Amino acid sequence: MRFKQHLSTAVFLGFLAGFYFLLFGCAAYLVSSSYPSSSACDRLFVFKLQLFANIPLFVIIGIIVAVLLSLLPRRFGFSEGRGGIIHLLLFSGLSVYLQFKLFSESYMVSGLPPVLKILIYPSAAVAVILFLSLPYFLTRRTLAKEDSENRLLALEGILAGLLLLMIILGLVKPTASWSALSRRTGEGGNILLITVDTLRDDHLSYRGYFRKTSPNIDAVASEGVVFENAYTAVPRTFPSLCSFLTGKYAHRHGARNNFHHALPDFNLTLPEILKQESFITGAVVTNAGLQARRKINQGFDYYLETGHQNSQAQKVPALRLLDFLRLSYPLRSFWDDQAGRTRAEALKFLQRNRDKKFFLWVHFIDPHMDYNPPPTFAGFFDRDYSGRYESHFHYGKVGAERMIFDCPLSPGEIQHAISLHDGEILHTDNEIGKLLSKLKEWELFKNSLIIFSADHGESLGEHGYFFAHGDLIYNPCMHIPLLIRFPGGAVRKRISTPVSSVDLMPTILDFLGVEPPEELDGVSLLPIIFGGAEPRRAIFGESGISIFSSSNPRMKMEIEPQRPLAILPEEWFPLWEEVFNDARFRMMVEGDWKLIYTPDGGSGSFELYDLASDPAEETNLYEEEAEIAERMRGRLMNWVKGDTLRNIEAISYDREMISNLQSIGYLR
Ligand SMILES: [Zn+2]
């Protein structure tokens, strides 16, 4: 066999193998539980990625195979017939191996009887071999009559035709989800809300962090109002962001946890009100807990959760193969750049609506576990480290439970993990910079109201709580950045009065001169900003439901009955809903004082901290400052009493969601 023959045969078989994995990947996606809940835009993204990753990669493998085989010494040279069979065996073997080795985990087959489970692998192997050999032999037979030059030409023709088809398919744009947008006009006065997942206030350089993690956000801060003591209502994503959008604490809006709750319809959300004020409303968010089925999309003309795309991208066969070969890391940013994709999707919304009055909410997830920034940012803050967590820190074999409450890492490893977390912050800041510079280019920046914040922070070892958020209620988790840049950058201030994420909605409405709904927990911050008045006001908050309560040394309630294997998580949480809820830590901040309530089944225990002199919350003054403690305790317990679990609305969750929650450490 000559090189040209090797090449055409191997590339043809490579194409077939790529086509097989394309069909396999698409079929697996179609039958997966995540398909029905995804948007047209998401679906198109996944199909395109399958198309453009699988075939090219296997064609490249074909070229490599052809080069290697043609380099064999002449005495090992194959006749045409034998050469073809060798190629076929090579590609069949490779495909069967990949099918078994790489995809048994990413496409879980559950609920099958054991007999079928045993049969599934042999039948998959037969399917691969048939799929490759049938078209190969058919093509050979059809072309056998022709002389060999024409045969090569015909094969090349087929490949070129298929390539053209791929290019045409690549041009298809997801118009479906956009066509629903009503066309409305407005004259500027746009609102951009940027939130970042898992971003504590004191890791931003404009807040005095020793690393330069946020040059782009710093620039906005220098032209805006910086709140130095802003608190989240709950240190978990979904309930926290529902507080941003409703102006209410979690027990009032009803979305209490990341697991099986939705945002009930009775809430009047910020985008619902802005829609009435003729804003076009859009959200581009990244976090599996923010899917539209949780009804956090209420009031948005356009809502896209890009985490779905990210998780599907990790299942595309060709990309799994690159991952397996450890080649994915340098290339990863092409398909697994979460912040980049969030920014790109946000820009698509802006491009389509830049001539309208818009409200856009963009939520980035990157600083969340795993800490694995793209190569440029991975070694940025800690170049000297080499070891197992070099560019990717995760709970891994240590397991979430042990890592979080009994961290076995060396100080060097802990510091490196933090440097990777900071790398993620810098990476996100970089994408925010790109977003803002486009806004400037389109002359939208100057006159927009720009708000920057986070859903919660991250504990990085404080109080023995590592690389997590939600279980405890100390400030590393509760303190969030809050920054408002008014149009023209006219108001520049630093404000130390404690404020809450529930204040955001009334502030925006006040700024627009719109009457807020009744009975909000939040208040407008404009009087504090413009009037200079700093009223003493109580801020409240609660912990998320405790996932690892049995290993949480601060938990005083026996709340975690071991989940029997027969009970699925979706049955388990509702079963213990009340128990989990009663075991939440609660807090109140007033001026410099912070009171924490730890339930214990009786009257509870309390911690009181003077944040001015003890920002690390280490010296409990509860006994010493009895008068302050007593007054605050009355108010806090009154607030706790208001939590009756009355407003909750449960959703059912699927396999995909469970595996997503497991992958970020929320479920075992
Ligand atoms: Zn979050």
# chains A, B, ... in the order shown; residues from 1 in each chain; ligands from 1
$ residues_near_ligand --ligand "ligand 1" --cutoff "9 Å" --atoms "only C-alpha atoms and all ligand atoms" --output "list in words"
Val196, Asp197, Thr198, Leu199, Pro235, Arg236, Thr237, Phe238, Ser240, Leu241, Asn287, Gly289, Ile365, His368, Ala454, Asp455, His456, Gly457, His469 and Gly470 of chain A
$ write_last_selection --atoms "N, CA and C atoms" --output "compact mmCIF listing (two decimals), in the first residue's frame"
# COMPACT_ATOMS: atom_id res chain seq x y z
N VAL A 196 -20.76 37.42 40.74
CA VAL A 196 -19.77 36.36 40.60
C VAL A 196 -19.99 35.36 41.72
N ASP A 197 -20.01 34.09 41.37
CA ASP A 197 -20.24 33.04 42.35
C ASP A 197 -19.01 32.90 43.24
N THR A 198 -19.24 32.71 44.56
CA THR A 198 -18.16 32.33 45.45
C THR A 198 -17.01 33.36 45.45
N LEU A 199 -17.35 34.60 45.65
CA LEU A 199 -16.34 35.65 45.64
C LEU A 199 -16.42 36.46 46.92
N PRO A 235 -25.65 32.00 52.29
CA PRO A 235 -24.43 31.74 51.52
C PRO A 235 -24.54 30.55 50.57
N ARG A 236 -25.65 30.43 49.87
CA ARG A 236 -25.78 29.41 48.81
C ARG A 236 -26.44 30.06 47.60
N THR A 237 -26.02 29.60 46.44
CA THR A 237 -26.32 30.31 45.20
C THR A 237 -27.79 30.64 44.95
N PHE A 238 -28.61 29.62 44.84
CA PHE A 238 -29.98 29.85 44.37
C PHE A 238 -30.80 30.70 45.34
N SER A 240 -29.73 32.70 47.59
CA SER A 240 -29.10 34.02 47.69
C SER A 240 -29.52 34.92 46.53
N LEU A 241 -29.43 34.39 45.33
CA LEU A 241 -29.73 35.23 44.17
C LEU A 241 -31.22 35.53 44.08
N ASN A 287 -24.49 28.41 36.43
CA ASN A 287 -24.50 27.61 37.65
C ASN A 287 -25.67 26.65 37.51
N GLY A 289 -27.44 25.32 39.49
CA GLY A 289 -28.54 25.60 40.41
C GLY A 289 -29.46 26.71 39.93
N ILE A 365 -19.42 31.86 37.23
CA ILE A 365 -19.28 30.83 38.27
C ILE A 365 -17.82 30.49 38.62
N HIS A 368 -15.84 29.30 41.92
CA HIS A 368 -16.42 28.15 42.63
C HIS A 368 -15.51 26.94 42.47
N ALA A 454 -21.72 39.56 44.56
CA ALA A 454 -21.49 38.11 44.57
C ALA A 454 -22.60 37.44 45.35
N ASP A 455 -22.86 36.16 45.04
CA ASP A 455 -23.95 35.47 45.75
C ASP A 455 -23.55 35.10 47.18
N HIS A 456 -22.24 34.89 47.40
CA HIS A 456 -21.72 34.55 48.73
C HIS A 456 -20.21 34.51 48.62
N GLY A 457 -19.54 34.35 49.75
CA GLY A 457 -18.09 34.26 49.73
C GLY A 457 -17.61 32.82 49.72
N HIS A 469 -18.63 26.87 51.26
CA HIS A 469 -19.52 27.94 51.72
C HIS A 469 -20.86 27.32 52.02
N GLY A 470 -21.63 27.97 52.86
CA GLY A 470 -23.00 27.50 53.07
C GLY A 470 -23.25 26.84 54.40
$ residues_around --residues "Tyr249 (chain A)" --least-positions-apart "5" --cutoff "9 Å" --atoms "only C-alpha atoms" --output "short mmCIF file (atom, residue, chain, number, x, y, z; two decimals) with N, CA and C atoms, in the first residue's frame"
data_model
loop_
_atom_site.label_atom_id
_atom_site.label_comp_id
_atom_site.auth_asym_id
_atom_site.auth_seq_id
_atom_site.Cartn_x
_atom_site.Cartn_y
_atom_site.Cartn_z
N ALA A 233 -27.91 37.15 52.01
CA ALA A 233 -28.98 36.66 52.88
C ALA A 233 -28.76 35.18 53.23
N VAL A 234 -28.18 34.45 52.32
CA VAL A 234 -27.88 33.01 52.50
C VAL A 234 -26.61 32.71 51.71
N PRO A 239 -30.87 30.32 46.64
CA PRO A 239 -31.64 31.18 47.55
C PRO A 239 -31.06 32.59 47.64
N SER A 240 -29.73 32.70 47.59
CA SER A 240 -29.10 34.02 47.69
C SER A 240 -29.52 34.92 46.53
N CYS A 242 -32.06 34.64 44.63
CA CYS A 242 -33.49 34.95 44.70
C CYS A 242 -33.71 36.16 45.61
N SER A 243 -32.89 36.30 46.65
CA SER A 243 -33.00 37.49 47.51
C SER A 243 -32.60 38.76 46.75
N GLY A 254 -39.21 32.12 49.78
CA GLY A 254 -39.57 30.70 49.72
C GLY A 254 -38.57 29.79 49.03
N SER A 501 -27.97 42.07 50.58
CA SER A 501 -28.34 41.83 49.19
C SER A 501 -29.83 42.10 48.96
N VAL A 502 -30.65 42.03 50.01
CA VAL A 502 -32.08 42.32 49.82
C VAL A 502 -32.33 43.80 49.53
N LEU A 520 -41.29 44.50 51.41
CA LEU A 520 -39.96 43.99 51.12
C LEU A 520 -39.14 44.02 52.41
N ASP A 521 -38.14 43.14 52.49
CA ASP A 521 -37.22 43.19 53.63
C ASP A 521 -36.15 44.25 53.42
N GLY A 522 -35.81 44.48 52.14
CA GLY A 522 -34.75 45.43 51.83
C GLY A 522 -35.26 46.87 51.83
N PHE A 540 -30.11 40.62 58.56
CA PHE A 540 -30.24 39.22 58.98
C PHE A 540 -29.69 38.28 57.93
N GLY A 541 -29.42 37.07 58.37
CA GLY A 541 -28.95 36.05 57.43
C GLY A 541 -29.04 34.67 58.05
#
$ select_by_dssp --residues "region 198-331 of chain A" --states "helix (DSSP H, G or I)" --output "CSV table (one decimal) with N, CA and C atoms, in the first residue's frame"
chain,number,residue,atom,x,y,z
A,201,ASP,N,-15.5,39.3,49.5
A,201,ASP,CA,-15.1,40.7,49.4
A,201,ASP,C,-13.7,41.0,49.5
A,202,ASP,N,-13.0,40.4,50.5
A,202,ASP,CA,-11.6,40.7,50.8
A,202,ASP,C,-10.6,40.1,49.9
A,203,HIS,N,-11.0,39.4,48.8
A,203,HIS,CA,-10.1,38.9,47.8
A,203,HIS,C,-10.1,39.7,46.6
A,205,SER,N,-8.8,43.3,44.8
A,205,SER,CA,-7.7,44.2,45.0
A,205,SER,C,-8.3,45.6,45.5
A,206,TYR,N,-9.5,46.0,45.0
A,206,TYR,CA,-9.9,47.3,45.4
A,206,TYR,C,-10.4,47.4,46.9
A,207,ARG,N,-10.5,46.1,47.4
A,207,ARG,CA,-10.8,46.1,48.9
A,207,ARG,C,-9.6,45.8,49.7
A,215,PRO,N,-8.2,44.0,38.4
A,215,PRO,CA,-7.9,45.4,37.9
A,215,PRO,C,-9.1,46.0,37.2
A,216,ASN,N,-9.9,45.2,36.5
A,216,ASN,CA,-11.1,45.8,35.8
A,216,ASN,C,-12.2,46.2,36.7
A,217,ILE,N,-12.4,45.4,37.8
A,217,ILE,CA,-13.5,45.8,38.7
A,217,ILE,C,-13.0,47.0,39.5
A,218,ASP,N,-11.7,47.0,39.8
A,218,ASP,CA,-11.1,48.1,40.6
A,218,ASP,C,-11.4,49.4,39.8
A,219,ALA,N,-11.3,49.4,38.5
A,219,ALA,CA,-11.5,50.6,37.7
A,219,ALA,C,-13.0,51.1,37.9
A,220,VAL,N,-13.9,50.1,37.9
A,220,VAL,CA,-15.3,50.5,38.1
A,220,VAL,C,-15.5,51.1,39.5
A,221,ALA,N,-14.8,50.4,40.5
A,221,ALA,CA,-15.0,50.8,41.9
A,221,ALA,C,-14.5,52.3,42.1
A,237,THR,N,-26.0,29.6,46.4
A,237,THR,CA,-26.3,30.3,45.2
A,237,THR,C,-27.8,30.6,45.0
A,238,PHE,N,-28.6,29.6,44.8
A,238,PHE,CA,-30.0,29.8,44.4
A,238,PHE,C,-30.8,30.7,45.3
A,239,PRO,N,-30.9,30.3,46.6
A,239,PRO,CA,-31.6,31.2,47.5
A,239,PRO,C,-31.1,32.6,47.6
A,240,SER,N,-29.7,32.7,47.6
A,240,SER,CA,-29.1,34.0,47.7
A,240,SER,C,-29.5,34.9,46.5
A,241,LEU,N,-29.4,34.4,45.3
A,241,LEU,CA,-29.7,35.2,44.2
A,241,LEU,C,-31.2,35.5,44.1
A,242,CYS,N,-32.1,34.6,44.6
A,242,CYS,CA,-33.5,34.9,44.7
A,242,CYS,C,-33.7,36.2,45.6
A,243,SER,N,-32.9,36.3,46.6
A,243,SER,CA,-33.0,37.5,47.5
A,243,SER,C,-32.6,38.8,46.8
A,244,PHE,N,-31.6,38.7,45.9
A,244,PHE,CA,-31.2,39.8,45.1
A,244,PHE,C,-32.4,40.3,44.2
A,245,LEU,N,-33.1,39.3,43.6
A,245,LEU,CA,-34.1,39.6,42.7
A,245,LEU,C,-35.5,39.9,43.3
A,246,THR,N,-35.7,39.6,44.6
A,246,THR,CA,-37.0,39.8,45.2
A,246,THR,C,-37.0,40.9,46.3
A,250,ALA,N,-34.7,34.8,52.6
A,250,ALA,CA,-35.1,33.5,52.0
A,250,ALA,C,-36.4,33.0,52.5
A,251,HIS,N,-36.7,33.1,53.8
A,251,HIS,CA,-37.9,32.5,54.3
A,251,HIS,C,-39.2,33.3,53.8
A,252,ARG,N,-38.9,34.5,53.3
A,252,ARG,CA,-40.1,35.2,52.8
A,252,ARG,C,-40.3,34.9,51.3
A,253,HIS,N,-39.2,34.8,50.5
A,253,HIS,CA,-39.5,34.4,49.1
A,253,HIS,C,-39.6,32.9,48.8
A,270,LEU,N,-37.6,41.6,40.4
A,270,LEU,CA,-37.1,42.9,39.8
A,270,LEU,C,-37.3,42.9,38.3
A,271,PRO,N,-36.9,41.8,37.6
A,271,PRO,CA,-37.2,41.9,36.1
A,271,PRO,C,-38.6,42.0,35.8
A,272,GLU,N,-39.5,41.4,36.6
A,272,GLU,CA,-41.0,41.6,36.3
A,272,GLU,C,-41.4,43.0,36.3
A,273,ILE,N,-40.9,43.7,37.3
A,273,ILE,CA,-41.2,45.2,37.5
A,273,ILE,C,-40.6,46.0,36.3
A,274,LEU,N,-39.3,45.6,36.0
A,274,LEU,CA,-38.6,46.4,35.0
A,274,LEU,C,-39.2,46.2,33.6
A,275,LYS,N,-39.8,45.0,33.4
A,275,LYS,CA,-40.5,44.8,32.2
A,275,LYS,C,-41.7,45.7,32.0
A,276,GLN,N,-42.4,45.9,33.1
A,276,GLN,CA,-43.5,46.9,33.1
A,276,GLN,C,-43.0,48.3,32.8
A,288,ALA,N,-25.4,25.3,37.7
A,288,ALA,CA,-26.5,24.3,37.5
A,288,ALA,C,-27.7,24.6,38.4
A,289,GLY,N,-27.4,25.3,39.5
A,289,GLY,CA,-28.5,25.6,40.4
A,289,GLY,C,-29.5,26.7,39.9
A,290,LEU,N,-29.1,27.3,38.8
A,290,LEU,CA,-29.9,28.5,38.3
A,290,LEU,C,-30.7,28.1,37.1
A,292,ALA,N,-33.6,27.4,34.5
A,292,ALA,CA,-34.9,28.1,34.3
A,292,ALA,C,-36.1,27.3,35.0
A,293,ARG,N,-35.9,26.0,35.1
A,293,ARG,CA,-37.0,25.2,35.7
A,293,ARG,C,-37.2,25.5,37.2
A,294,ARG,N,-36.2,26.2,37.8
A,294,ARG,CA,-36.4,26.6,39.2
A,294,ARG,C,-37.2,28.0,39.2
A,307,GLY,N,-24.3,26.9,32.1
A,307,GLY,CA,-23.6,25.8,32.8
A,307,GLY,C,-24.1,24.5,32.1
A,308,HIS,N,-25.3,24.5,31.6
A,308,HIS,CA,-25.8,23.3,30.9
A,308,HIS,C,-24.8,23.0,29.7
A,309,GLN,N,-24.5,24.0,29.0
A,309,GLN,CA,-23.6,23.8,27.9
A,309,GLN,C,-22.2,23.3,28.3
A,310,ASN,N,-21.7,23.9,29.4
A,310,ASN,CA,-20.4,23.5,29.9
A,310,ASN,C,-20.4,22.0,30.3
A,311,SER,N,-21.5,21.6,31.0
A,311,SER,CA,-21.5,20.2,31.5
A,311,SER,C,-21.7,19.2,30.3
A,312,GLN,N,-22.4,19.6,29.3
A,312,GLN,CA,-22.6,18.8,28.1
A,312,GLN,C,-21.3,18.8,27.3
A,313,ALA,N,-20.6,19.9,27.3
A,313,ALA,CA,-19.3,19.9,26.5
A,313,ALA,C,-18.3,18.9,27.0
A,317,PRO,N,-17.6,13.1,23.0
A,317,PRO,CA,-16.6,12.0,22.9
A,317,PRO,C,-15.2,12.5,22.6
A,318,ALA,N,-15.1,13.3,21.6
A,318,ALA,CA,-13.7,13.7,21.2
A,318,ALA,C,-13.0,14.5,22.3
A,319,LEU,N,-13.8,15.3,23.0
A,319,LEU,CA,-13.2,16.1,24.1
A,319,LEU,C,-12.8,15.2,25.3
A,320,ARG,N,-13.6,14.2,25.5
A,320,ARG,CA,-13.3,13.2,26.6
A,320,ARG,C,-12.0,12.6,26.2
A,321,LEU,N,-11.8,12.3,24.9
A,321,LEU,CA,-10.6,11.6,24.5
A,321,LEU,C,-9.4,12.5,24.7
A,322,LEU,N,-9.5,13.8,24.4
A,322,LEU,CA,-8.4,14.7,24.6
A,322,LEU,C,-8.1,14.8,26.1
A,323,ASP,N,-9.1,14.8,26.9
A,323,ASP,CA,-9.0,14.8,28.3
A,323,ASP,C,-8.2,13.6,28.8
A,324,PHE,N,-8.6,12.4,28.3
A,324,PHE,CA,-8.0,11.2,28.7
A,324,PHE,C,-6.5,11.2,28.3
A,328,SER,N,-6.1,18.0,26.9
A,328,SER,CA,-7.2,18.9,26.8
A,328,SER,C,-6.8,20.2,27.5
A,329,TYR,N,-5.9,20.2,28.5
A,329,TYR,CA,-5.6,21.3,29.3
A,329,TYR,C,-5.3,22.6,28.4
A,330,PRO,N,-4.2,22.5,27.6
A,330,PRO,CA,-3.9,23.7,26.8
A,330,PRO,C,-5.0,24.1,25.8
A,331,LEU,N,-5.8,23.1,25.4
A,331,LEU,CA,-6.8,23.4,24.4
A,331,LEU,C,-8.1,23.8,25.1
$ atom_distance --atom1 "CA of Glu277 (chain A)" --atom2 "CA of Phe359 (chain A)"
10.7 Å
$ residues_around --residues "region 120-127 of chain A" --least-positions-apart "2" --cutoff "9 Å" --atoms "only C-alpha atoms" --output "PyMOL selection string"
chain A and resi 92-93+95-97+99-100+115-118+129-132
$ write_last_selection --atoms "C-alpha atoms" --output "PDB file, in the first residue's frame"
ATOM      1  CA  SER A  92     -12.584  -0.777  15.440  1.00  0.00           C
ATOM      2  CA  GLY A  93     -10.286  -1.620  18.330  1.00  0.00           C
ATOM      3  CA  SER A  95     -13.385   2.853  19.002  1.00  0.00           C
ATOM      4  CA  VAL A  96     -14.457  -0.095  21.144  1.00  0.00           C
ATOM      5  CA  TYR A  97     -11.748   0.724  23.667  1.00  0.00           C
ATOM      6  CA  GLN A  99     -16.422   3.489  24.130  1.00  0.00           C
ATOM      7  CA  PHE A 100     -15.711   1.334  27.179  1.00  0.00           C
ATOM      8  CA  VAL A 115     -28.918  -9.110  32.392  1.00  0.00           C
ATOM      9  CA  LEU A 116     -29.137  -6.123  30.069  1.00  0.00           C
ATOM     10  CA  LYS A 117     -26.259  -4.428  31.868  1.00  0.00           C
ATOM     11  CA  ILE A 118     -24.049  -7.429  31.099  1.00  0.00           C
ATOM     12  CA  ILE A 129     -17.557  -2.838  14.436  1.00  0.00           C
ATOM     13  CA  LEU A 130     -20.632  -3.083  12.209  1.00  0.00           C
ATOM     14  CA  PHE A 131     -20.850   0.675  11.894  1.00  0.00           C
ATOM     15  CA  LEU A 132     -17.264   0.951  10.692  1.00  0.00           C
TER      16      LEU A 132
END
$ residues_around --residues "His427 (chain A)" --least-positions-apart "6" --cutoff "12 Å" --atoms "only C-alpha atoms" --output "ChimeraX atom specification"
/A:196,212-217,333,337-340,343,364-367,371-381,420-421,433-434
$ closest_residue --among "A:His416, A:Ser448, A:Tyr231, A:Val362" --to "Gly387 (chain A)" --atoms "only C-alpha atoms"
A:His416
